file run26.pdb (PDB, C-alpha atoms)
MODEL        1
ATOM      1  CA  MET A  30       0.000   0.000   0.000
ATOM      2  CA  PHE A  31       1.141   3.536  -0.782
ATOM      3  CA  PRO A  32      -0.052   6.198   1.694
ATOM      4  CA  ILE A  33      -1.233   9.632   0.566
ATOM      5  CA  LEU A  34       0.739  12.071   2.707
ATOM      6  CA  LYS A  35      -0.550  15.345   1.289
ATOM      7  CA  LYS A  36      -3.412  16.435  -0.945
ATOM      8  CA  ARG A  37      -4.300  19.885  -2.253
ATOM      9  CA  ALA A  38      -6.539  21.279  -4.960
ATOM     10  CA  LEU A  39      -4.533  23.346  -7.459
ATOM     11  CA  ASN A  40      -7.710  24.526  -9.177
ATOM     12  CA  PRO A  41     -11.305  23.239  -9.363
ATOM     13  CA  THR A  42     -10.368  20.322 -11.645
ATOM     14  CA  VAL A  43      -6.706  19.610 -10.851
ATOM     15  CA  THR A  44      -5.379  17.923  -7.709
ATOM     16  CA  GLU A  45      -1.882  17.370  -6.360
ATOM     17  CA  MET A  46      -0.988  14.386  -4.166
ATOM     18  CA  VAL A  47       2.244  13.451  -2.427
ATOM     19  CA  ILE A  48       2.616   9.676  -2.191
ATOM     20  CA  HIS A  49       5.008   7.743   0.049
ATOM     21  CA  ALA A  50       6.810   5.464  -2.416
ATOM     22  CA  PRO A  51      10.515   5.254  -1.447
ATOM     23  CA  LEU A  52      11.612   2.782  -4.122
ATOM     24  CA  VAL A  53      10.004   4.832  -6.896
ATOM     25  CA  ALA A  54      11.446   8.087  -5.523
ATOM     26  CA  LYS A  55      14.916   6.530  -5.380
ATOM     27  CA  LYS A  56      15.047   6.022  -9.159
ATOM     28  CA  ALA A  57      12.655   8.682 -10.496
ATOM     29  CA  GLU A  58      13.771  11.232 -13.082
ATOM     30  CA  PRO A  59      11.905  14.048 -14.887
ATOM     31  CA  GLY A  60       9.865  12.806 -17.837
ATOM     32  CA  GLN A  61       9.072   9.396 -16.356
ATOM     33  CA  PHE A  62       5.665   8.162 -15.221
ATOM     34  CA  ILE A  63       4.003   5.770 -12.787
ATOM     35  CA  ILE A  64       0.952   3.547 -13.070
ATOM     36  CA  PHE A  65      -1.446   3.522 -10.122
ATOM     37  CA  ARG A  66      -4.533   1.660  -8.996
ATOM     38  CA  ALA A  67      -6.725   3.415  -6.473
ATOM     39  CA  SER A  68      -8.448   0.189  -5.383
ATOM     40  CA  GLU A  69      -8.200  -3.579  -5.836
ATOM     41  CA  ASP A  70     -10.662  -3.585  -8.727
ATOM     42  CA  GLY A  71      -9.577  -0.191 -10.064
ATOM     43  CA  GLU A  72      -8.241   0.639 -13.504
ATOM     44  CA  ARG A  73      -4.492   0.867 -14.113
ATOM     45  CA  VAL A  74      -3.815   4.527 -14.936
ATOM     46  CA  PRO A  75      -0.545   6.239 -15.954
ATOM     47  CA  LEU A  76       0.443   9.626 -14.527
ATOM     48  CA  THR A  77       3.642  11.532 -15.177
ATOM     49  CA  ILE A  78       5.804  12.143 -12.116
ATOM     50  CA  ALA A  79       5.413  15.826 -11.189
ATOM     51  CA  ASP A  80       8.127  15.871  -8.515
ATOM     52  CA  PHE A  81       9.998  13.612  -6.125
ATOM     53  CA  ASP A  82      12.069  13.747  -2.944
ATOM     54  CA  ARG A  83      14.580  10.944  -2.589
ATOM     55  CA  GLU A  84      15.370  11.722   1.072
ATOM     56  CA  LYS A  85      11.718  11.725   2.150
ATOM     57  CA  GLY A  86      10.849   8.859  -0.186
ATOM     58  CA  THR A  87       7.951  10.722  -1.760
ATOM     59  CA  VAL A  88       6.601  11.120  -5.282
ATOM     60  CA  THR A  89       4.243  13.922  -6.302
ATOM     61  CA  ILE A  90       1.514  13.360  -8.856
ATOM     62  CA  ILE A  91      -0.804  15.965 -10.372
ATOM     63  CA  PHE A  92      -3.957  14.884 -12.173
ATOM     64  CA  GLN A  93      -6.998  16.378 -13.830
ATOM     65  CA  ILE A  94     -10.364  15.016 -12.723
ATOM     66  CA  VAL A  95     -11.759  13.943 -16.080
ATOM     67  CA  GLY A  96     -12.863  10.317 -15.841
ATOM     68  CA  ALA A  97     -13.959   7.524 -13.535
ATOM     69  CA  SER A  98     -10.468   6.571 -12.328
ATOM     70  CA  THR A  99      -9.336  10.111 -11.551
ATOM     71  CA  MET A 100     -12.647  10.715  -9.776
ATOM     72  CA  GLU A 101     -12.009   7.597  -7.684
ATOM     73  CA  LEU A 102      -8.474   8.808  -6.945
ATOM     74  CA  ASN A 103      -9.689  12.283  -5.999
ATOM     75  CA  ALA A 104     -12.195  10.761  -3.566
ATOM     76  CA  LEU A 105      -9.251   9.583  -1.459
ATOM     77  CA  GLY A 106      -7.673  11.857   1.116
ATOM     78  CA  GLU A 107      -4.619  12.213   3.318
ATOM     79  CA  GLY A 108      -4.133   9.014   5.295
ATOM     80  CA  ASP A 109      -5.738   6.820   2.616
ATOM     81  CA  SER A 110      -3.564   4.576   0.460
ATOM     82  CA  LEU A 111      -3.245   3.511  -3.163
ATOM     83  CA  VAL A 112      -3.192  -0.209  -3.880
ATOM     84  CA  ASP A 113      -0.544   0.015  -6.622
ATOM     85  CA  PHE A 114       2.045   2.646  -7.490
ATOM     86  CA  VAL A 115       4.427   1.182 -10.061
ATOM     87  CA  GLY A 116       7.435   2.943 -11.564
ATOM     88  CA  PRO A 117       9.375   4.807 -12.579
ATOM     89  CA  LEU A 118       8.469   3.894 -16.168
ATOM     90  CA  GLY A 119       9.424   5.453 -19.489
ATOM     91  CA  THR A 120      12.645   7.088 -20.607
ATOM     92  CA  PRO A 121      13.886  10.116 -18.600
ATOM     93  CA  SER A 122      14.022  13.467 -20.380
ATOM     94  CA  GLU A 123      17.449  14.199 -21.863
ATOM     95  CA  VAL A 124      18.433  17.608 -20.498
ATOM     96  CA  GLU A 125      22.186  17.432 -19.912
ATOM     97  CA  GLY A 126      24.426  19.752 -21.903
ATOM     98  CA  LEU A 127      21.765  22.324 -22.776
ATOM     99  CA  LYS A 128      22.710  25.965 -22.219
ATOM    100  CA  LYS A 129      19.437  27.763 -22.939
ATOM    101  CA  VAL A 130      15.987  26.209 -23.189
ATOM    102  CA  ALA A 131      12.412  27.384 -23.610
ATOM    103  CA  VAL A 132       9.934  25.222 -21.707
ATOM    104  CA  VAL A 133       6.353  25.591 -22.946
ATOM    105  CA  GLY A 134       3.525  24.156 -20.855
ATOM    106  CA  GLY A 135      -0.195  24.156 -21.551
ATOM    107  CA  GLY A 136      -2.889  23.537 -18.945
ATOM    108  CA  VAL A 137      -2.351  20.451 -16.817
ATOM    109  CA  GLY A 138       0.646  19.681 -19.037
ATOM    110  CA  CYS A 139       2.463  22.230 -16.876
ATOM    111  CA  ALA A 140       2.606  19.520 -14.214
ATOM    112  CA  ILE A 141       4.841  17.528 -16.558
ATOM    113  CA  ALA A 142       6.837  20.555 -17.684
ATOM    114  CA  TYR A 143       7.678  21.660 -14.141
ATOM    115  CA  PRO A 144      10.044  18.818 -13.114
ATOM    116  CA  ILE A 145      11.908  19.217 -16.407
ATOM    117  CA  ALA A 146      12.321  22.965 -15.844
ATOM    118  CA  LYS A 147      13.427  22.229 -12.280
ATOM    119  CA  LYS A 148      16.080  19.757 -13.421
ATOM    120  CA  LEU A 149      17.353  22.149 -16.116
ATOM    121  CA  HIS A 150      17.617  24.935 -13.545
ATOM    122  CA  ALA A 151      19.558  22.660 -11.179
ATOM    123  CA  LEU A 152      22.005  21.898 -14.011
ATOM    124  CA  GLY A 153      22.662  25.609 -14.538
ATOM    125  CA  THR A 154      20.691  25.913 -17.775
ATOM    126  CA  GLU A 155      19.059  29.249 -18.576
ATOM    127  CA  VAL A 156      15.351  28.459 -18.508
ATOM    128  CA  HIS A 157      12.628  30.547 -20.132
ATOM    129  CA  THR A 158       9.155  29.226 -19.337
ATOM    130  CA  VAL A 159       5.877  29.948 -21.092
ATOM    131  CA  ALA A 160       2.830  28.636 -19.211
ATOM    132  CA  GLY A 161      -0.580  28.866 -20.858
ATOM    133  CA  PHE A 162      -4.095  28.365 -19.479
ATOM    134  CA  ARG A 163      -7.654  29.026 -20.652
ATOM    135  CA  ASN A 164      -8.306  31.497 -17.821
ATOM    136  CA  LYS A 165      -7.079  32.743 -14.428
ATOM    137  CA  ASP A 166      -9.033  30.132 -12.446
ATOM    138  CA  LEU A 167      -7.095  27.281 -14.102
ATOM    139  CA  VAL A 168      -3.572  28.576 -13.403
ATOM    140  CA  ILE A 169      -1.348  26.091 -11.554
ATOM    141  CA  LEU A 170       2.263  25.969 -10.320
ATOM    142  CA  GLU A 171       3.082  29.621 -11.012
ATOM    143  CA  ASP A 172       5.239  30.001  -7.882
ATOM    144  CA  GLU A 173       7.016  26.735  -8.599
ATOM    145  CA  PHE A 174       7.840  27.763 -12.165
ATOM    146  CA  ARG A 175       8.981  31.214 -11.043
ATOM    147  CA  ALA A 176      11.482  29.611  -8.659
ATOM    148  CA  VAL A 177      13.192  27.618 -11.434
ATOM    149  CA  SER A 178      12.859  29.989 -14.409
ATOM    150  CA  ASP A 179      15.136  32.836 -15.449
ATOM    151  CA  ARG A 180      12.121  34.219 -17.243
ATOM    152  CA  LEU A 181       8.457  33.298 -16.895
ATOM    153  CA  VAL A 182       5.641  34.362 -19.212
ATOM    154  CA  MET A 183       2.106  33.576 -18.071
ATOM    155  CA  MET A 184      -0.555  33.403 -20.787
ATOM    156  CA  THR A 185      -4.332  33.035 -20.730
ATOM    157  CA  ASP A 186      -6.654  32.629 -23.696
ATOM    158  CA  ASP A 187      -9.049  35.275 -22.403
ATOM    159  CA  GLY A 188      -6.492  37.681 -20.920
ATOM    160  CA  SER A 189      -7.835  37.246 -17.366
ATOM    161  CA  TYR A 190      -4.279  36.698 -16.089
ATOM    162  CA  GLY A 191      -0.829  37.418 -17.477
ATOM    163  CA  GLU A 192      -0.785  38.174 -21.189
ATOM    164  CA  LYS A 193      -3.675  37.437 -23.532
ATOM    165  CA  GLY A 194      -3.046  34.927 -26.293
ATOM    166  CA  MET A 195      -1.638  31.519 -27.075
ATOM    167  CA  VAL A 196       1.679  30.102 -25.901
ATOM    168  CA  THR A 197       2.901  30.286 -29.491
ATOM    169  CA  ASN A 198       2.468  34.077 -29.401
ATOM    170  CA  ALA A 199       4.732  34.343 -26.360
ATOM    171  CA  LEU A 200       7.276  31.867 -27.708
ATOM    172  CA  GLU A 201       7.573  33.666 -31.038
ATOM    173  CA  ALA A 202       7.993  36.989 -29.223
ATOM    174  CA  LEU A 203      10.872  35.512 -27.210
ATOM    175  CA  ILE A 204      12.510  34.172 -30.355
ATOM    176  CA  LYS A 205      12.142  37.504 -32.143
ATOM    177  CA  GLU A 206      13.806  39.214 -29.182
ATOM    178  CA  GLY A 207      16.943  37.383 -30.202
ATOM    179  CA  ASN A 208      16.878  34.486 -27.748
ATOM    180  CA  GLN A 209      18.748  31.564 -29.273
ATOM    181  CA  TYR A 210      17.467  28.365 -27.728
ATOM    182  CA  ASP A 211      19.310  25.072 -27.891
ATOM    183  CA  GLU A 212      15.945  23.403 -27.570
ATOM    184  CA  VAL A 213      12.257  24.004 -26.987
ATOM    185  CA  ILE A 214      10.418  21.536 -24.768
ATOM    186  CA  ALA A 215       6.634  21.591 -25.253
ATOM    187  CA  ILE A 216       4.143  19.732 -23.075
ATOM    188  CA  GLY A 217       0.382  20.130 -23.170
ATOM    189  CA  PRO A 218      -2.645  19.375 -25.353
ATOM    190  CA  LEU A 219      -1.820  17.744 -28.681
ATOM    191  CA  ILE A 220      -3.108  20.704 -30.664
ATOM    192  CA  MET A 221      -0.886  23.053 -28.666
ATOM    193  CA  MET A 222       2.213  20.933 -29.211
ATOM    194  CA  LYS A 223       1.409  20.653 -32.909
ATOM    195  CA  PHE A 224       1.418  24.416 -33.385
ATOM    196  CA  VAL A 225       4.468  24.953 -31.191
ATOM    197  CA  CYS A 226       6.322  22.500 -33.427
ATOM    198  CA  LYS A 227       5.029  24.215 -36.560
ATOM    199  CA  LEU A 228       6.427  27.502 -35.246
ATOM    200  CA  THR A 229       9.810  26.181 -34.142
ATOM    201  CA  LYS A 230      10.276  24.338 -37.421
ATOM    202  CA  GLU A 231      10.100  27.684 -39.201
ATOM    203  CA  TYR A 232      12.943  28.938 -37.002
ATOM    204  CA  GLY A 233      14.961  25.723 -37.141
ATOM    205  CA  ILE A 234      14.850  25.094 -33.383
ATOM    206  CA  LYS A 235      14.979  21.516 -32.120
ATOM    207  CA  THR A 236      11.752  20.726 -30.273
ATOM    208  CA  VAL A 237      10.949  17.882 -27.917
ATOM    209  CA  VAL A 238       7.363  16.991 -27.002
ATOM    210  CA  SER A 239       6.005  14.701 -24.315
ATOM    211  CA  MET A 240       3.368  12.346 -25.696
ATOM    212  CA  ASN A 241       0.924  11.002 -23.137
ATOM    213  CA  PRO A 242      -1.731   9.034 -25.022
ATOM    214  CA  ILE A 243      -3.790   6.194 -23.579
ATOM    215  CA  MET A 244      -1.506   3.642 -21.927
ATOM    216  CA  ILE A 245      -2.547   0.295 -20.541
ATOM    217  CA  ASP A 246       0.279  -2.024 -19.528
ATOM    218  CA  GLY A 247       3.192   0.438 -19.656
ATOM    219  CA  THR A 248       5.505  -2.095 -21.331
ATOM    220  CA  GLY A 249       4.700  -1.661 -25.034
ATOM    221  CA  MET A 250       2.968  -5.044 -25.295
ATOM    222  CA  CYS A 251      -0.619  -3.779 -25.619
ATOM    223  CA  GLY A 252       0.022  -1.212 -28.353
ATOM    224  CA  GLY A 253      -2.438   1.264 -26.864
ATOM    225  CA  CYS A 254       0.063   4.120 -26.887
ATOM    226  CA  ARG A 255       1.456   3.654 -30.388
ATOM    227  CA  LEU A 256       2.415   6.726 -32.374
ATOM    228  CA  THR A 257       3.906   7.464 -35.756
ATOM    229  CA  VAL A 258       7.211   9.292 -35.407
ATOM    230  CA  GLY A 259       9.342   9.929 -38.460
ATOM    231  CA  GLY A 260       7.189   7.477 -40.409
ATOM    232  CA  LYS A 261       7.872   4.688 -37.924
ATOM    233  CA  THR A 262       5.673   3.173 -35.227
ATOM    234  CA  LYS A 263       6.769   4.037 -31.705
ATOM    235  CA  PHE A 264       5.318   3.275 -28.288
ATOM    236  CA  ALA A 265       5.125   6.206 -25.883
ATOM    237  CA  CYS A 266       5.477   4.057 -22.771
ATOM    238  CA  VAL A 267       8.826   2.484 -23.700
ATOM    239  CA  ASP A 268      10.254   4.613 -26.537
ATOM    240  CA  GLY A 269       9.142   7.871 -24.916
ATOM    241  CA  PRO A 270       7.245   9.722 -23.719
ATOM    242  CA  ASP A 271       9.656  12.317 -25.205
ATOM    243  CA  PHE A 272       9.984  12.539 -28.997
ATOM    244  CA  ASP A 273      11.267  14.890 -31.678
ATOM    245  CA  GLY A 274       8.207  17.066 -32.160
ATOM    246  CA  HIS A 275       9.001  17.775 -35.792
ATOM    247  CA  GLU A 276       8.631  14.064 -36.586
ATOM    248  CA  VAL A 277       5.412  13.297 -34.677
ATOM    249  CA  ASP A 278       2.224  12.732 -36.676
ATOM    250  CA  PHE A 279      -0.030  14.880 -34.480
ATOM    251  CA  ASP A 280      -3.105  14.526 -36.698
ATOM    252  CA  GLU A 281      -3.021  10.755 -36.301
ATOM    253  CA  ALA A 282      -2.466  11.061 -32.542
ATOM    254  CA  MET A 283      -5.419  13.424 -32.146
ATOM    255  CA  LYS A 284      -7.674  11.151 -34.183
ATOM    256  CA  ARG A 285      -6.757   8.131 -32.069
ATOM    257  CA  GLY A 286      -7.207  10.112 -28.853
ATOM    258  CA  SER A 287     -10.802  10.954 -29.730
ATOM    259  CA  MET A 288     -11.758   7.291 -30.216
ATOM    260  CA  TYR A 289     -12.345   6.739 -26.491
ATOM    261  CA  ARG A 290     -14.359   9.844 -25.589
ATOM    262  CA  ASP A 291     -17.775   8.135 -25.529
ATOM    263  CA  PHE A 292     -16.444   5.286 -23.381
ATOM    264  CA  GLU A 293     -14.763   7.727 -20.983
ATOM    265  CA  ALA A 294     -17.966   9.766 -20.664
ATOM    266  CA  HIS A 295     -19.971   6.619 -19.851
ATOM    267  CA  ALA A 296     -17.429   5.513 -17.223
ATOM    268  CA  ARG A 297     -17.373   8.999 -15.693
ATOM    269  CA  ASP A 298     -21.176   9.100 -15.386
ATOM    270  CA  ALA A 299     -21.197   5.670 -13.768
ATOM    271  CA  GLU A 300     -18.570   6.738 -11.228
ATOM    272  CA  CYS A 301     -20.529   9.928 -10.463
ATOM    273  CA  ASN A 302     -23.612   7.869  -9.663
ATOM    274  CA  LEU A 303     -21.578   5.509  -7.485
ATOM    275  CA  LEU A 304     -20.039   8.358  -5.489
ATOM    276  CA  LYS A 305     -23.465   9.968  -5.000
ATOM    277  CA  LYS A 306     -24.824   6.703  -3.534
ATOM    278  CA  GLU A 307     -21.837   6.443  -1.173
ATOM    279  CA  VAL A 308     -22.436  10.005   0.067
ATOM    280  CA  GLN A 309     -26.126   9.250   0.681
TER     281      GLN A 309
ENDMDL
END

call {"tool": "encode", "arguments": {"input": "run26.pdb", "output": "structure tokens"}}
result
Amino acid sequence: MFPILKKRALNPTVTEMVIHAPLVAKKAEPGQFIIFRASEDGERVPLTIADFDREKGTVTIIFQIVGASTMELNALGEGDSLVDFVGPLGTPSEVEGLKKVAVVGGGVGCAIAYPIAKKLHALGTEVHTVAGFRNKDLVILEDEFRAVSDRLVMMTDDGSYGEKGMVTNALEALIKEGNQYDEVIAIGPLIMMKFVCKLTKEYGIKTVVSMNPIMIDGTGMCGGCRLTVGGKTKFACVDGPDFDGHEVDFDEAMKRGSMYRDFEAHARDAECNLLKKEVQ
């Protein structure tokens, strides 16, 4: 069992939990993920590691409450435990040797971008971060990003916080200022990463994206997380989740990601009804 030591709501739909998992914390690196089960009969769900503390033996996860399994997870509180917490899985992000990097995060994808920015900062890399959200109420991890960024640009679609516009607007402005980045690291919705890559390709800047499609077994055997990268089939759980963004077939990935929406909606409604009965 893996105890939940801390829990806090980052915004109305995003929750942060600190889990006691010493063996996972011992080996964890930015870019990797875990697979959890909230209960004995629960679904196996992957979540990217948002932070870790080797000395305390803790791993931090941040998740958006969107489906039945994340609703079940969010129903747990401090002092409760997860049945399974397996990891670290996936290939760590390659960040050594970079002098200047732009980290671009969108929405809950900022939870994945943060540990990478933190590691880059610790290595002495100059880090410029662009964090984008739909509106002020959905902003997360601003203080954390500010602590590890030489420059931080906050963006909202509606202009309710920071600057109004898309993350691509802020990134292009930074590039036009004369900033020469060794690499851009983009993490967020597929459509966001697609347009970040389209922009950086015009400027000839290497761009790495973190692909987090549906995963099932986390070993590459099920094929649920397959992607086309550079015309070849890759599996996000074992070959990634980081890939050269200029080689990813985003249109295919978005089409595959929409295949499960009806099933997810049905499962979410069923979990809502179950939780209501438990409250009654």

call {"tool": "axis_aligned_box", "arguments": {"input": "run26.pdb", "around": "range 151-166 of chain A", "padding_each_side": "6 Å", "output": "lines of an AutoDock Vina configuration file"}}
result
center_x = 6.8
center_y = 27.3
center_z = -16.1
size_x = 43.7
size_y = 22.8
size_z = 21.9

call {"tool": "residues_near_point", "arguments": {"input": "run26.pdb", "point": "(2.0, 24.9, -33.2)", "cutoff": "12 Å", "atoms": "only C-alpha atoms", "output": "PyMOL selection string"}}
result
chain A and resi 133+135+195-201+215-231+236+238+274-275+279

call {"tool": "resolve_selection", "arguments": {"input": "run26.pdb", "expression": "the PyMOL selection byres ((chain A and resi 267) around 9)", "output": "PyMOL selection string"}}
result
chain A and resi 118-120+247-249+263-266+268-270

call {"tool": "resolve_selection", "arguments": {"input": "run26.pdb", "expression": "the PyMOL selection byres ((chain A and resi 77) around 8)", "output": "list in words"}}
result
Gly60, Gln61, Phe62, Ile63, Pro75, Leu76, Ile78, Ala79, Ile90, Ile91 and Ile141 of chain A

call {"tool": "closest_atom_pairs", "arguments": {"input": "run26.pdb", "of": "range 43-124 of chain A", "to": "range 145-157 of chain A", "cutoff": "8 Å", "atoms": "all atoms listed in the file", "output": "tab-separated table"}}
result
residue	atom	partner	partner_atom	distance
A:Pro59	CA	A:Ile145	CA	5.4
A:Gly60	CA	A:Ile145	CA	6.9
A:Ser122	CA	A:Ile145	CA	7.3
A:Val124	CA	A:Leu149	CA	6.4

call {"tool": "resolve_selection", "arguments": {"input": "run26.pdb", "expression": "the PyMOL selection byres ((chain A and resi 183) around 10)", "output": "PyMOL selection string"}}
result
chain A and resi 134+158-162+165+168+171+181-182+184-185+188+190-196+199

call {"tool": "closest_residue", "arguments": {"input": "run26.pdb", "among": "A:Leu170, A:Arg83, A:Gly71, A:Gly126", "to": "Thr44 in chain A", "atoms": "all atoms listed in the file"}}
result
A:Leu170

call {"tool": "atom_distance", "arguments": {"input": "run26.pdb", "atom1": "CA of Asn103 in chain A", "atom2": "CA of Phe31 in chain A"}}
result
14.9 Å

call {"tool": "closest_residue", "arguments": {"input": "run26.pdb", "among": "A:Ser68, A:Ser239, A:Thr42, A:Thr89", "to": "Glu101 in chain A", "atoms": "all atoms listed in the file"}}
result
A:Ser68
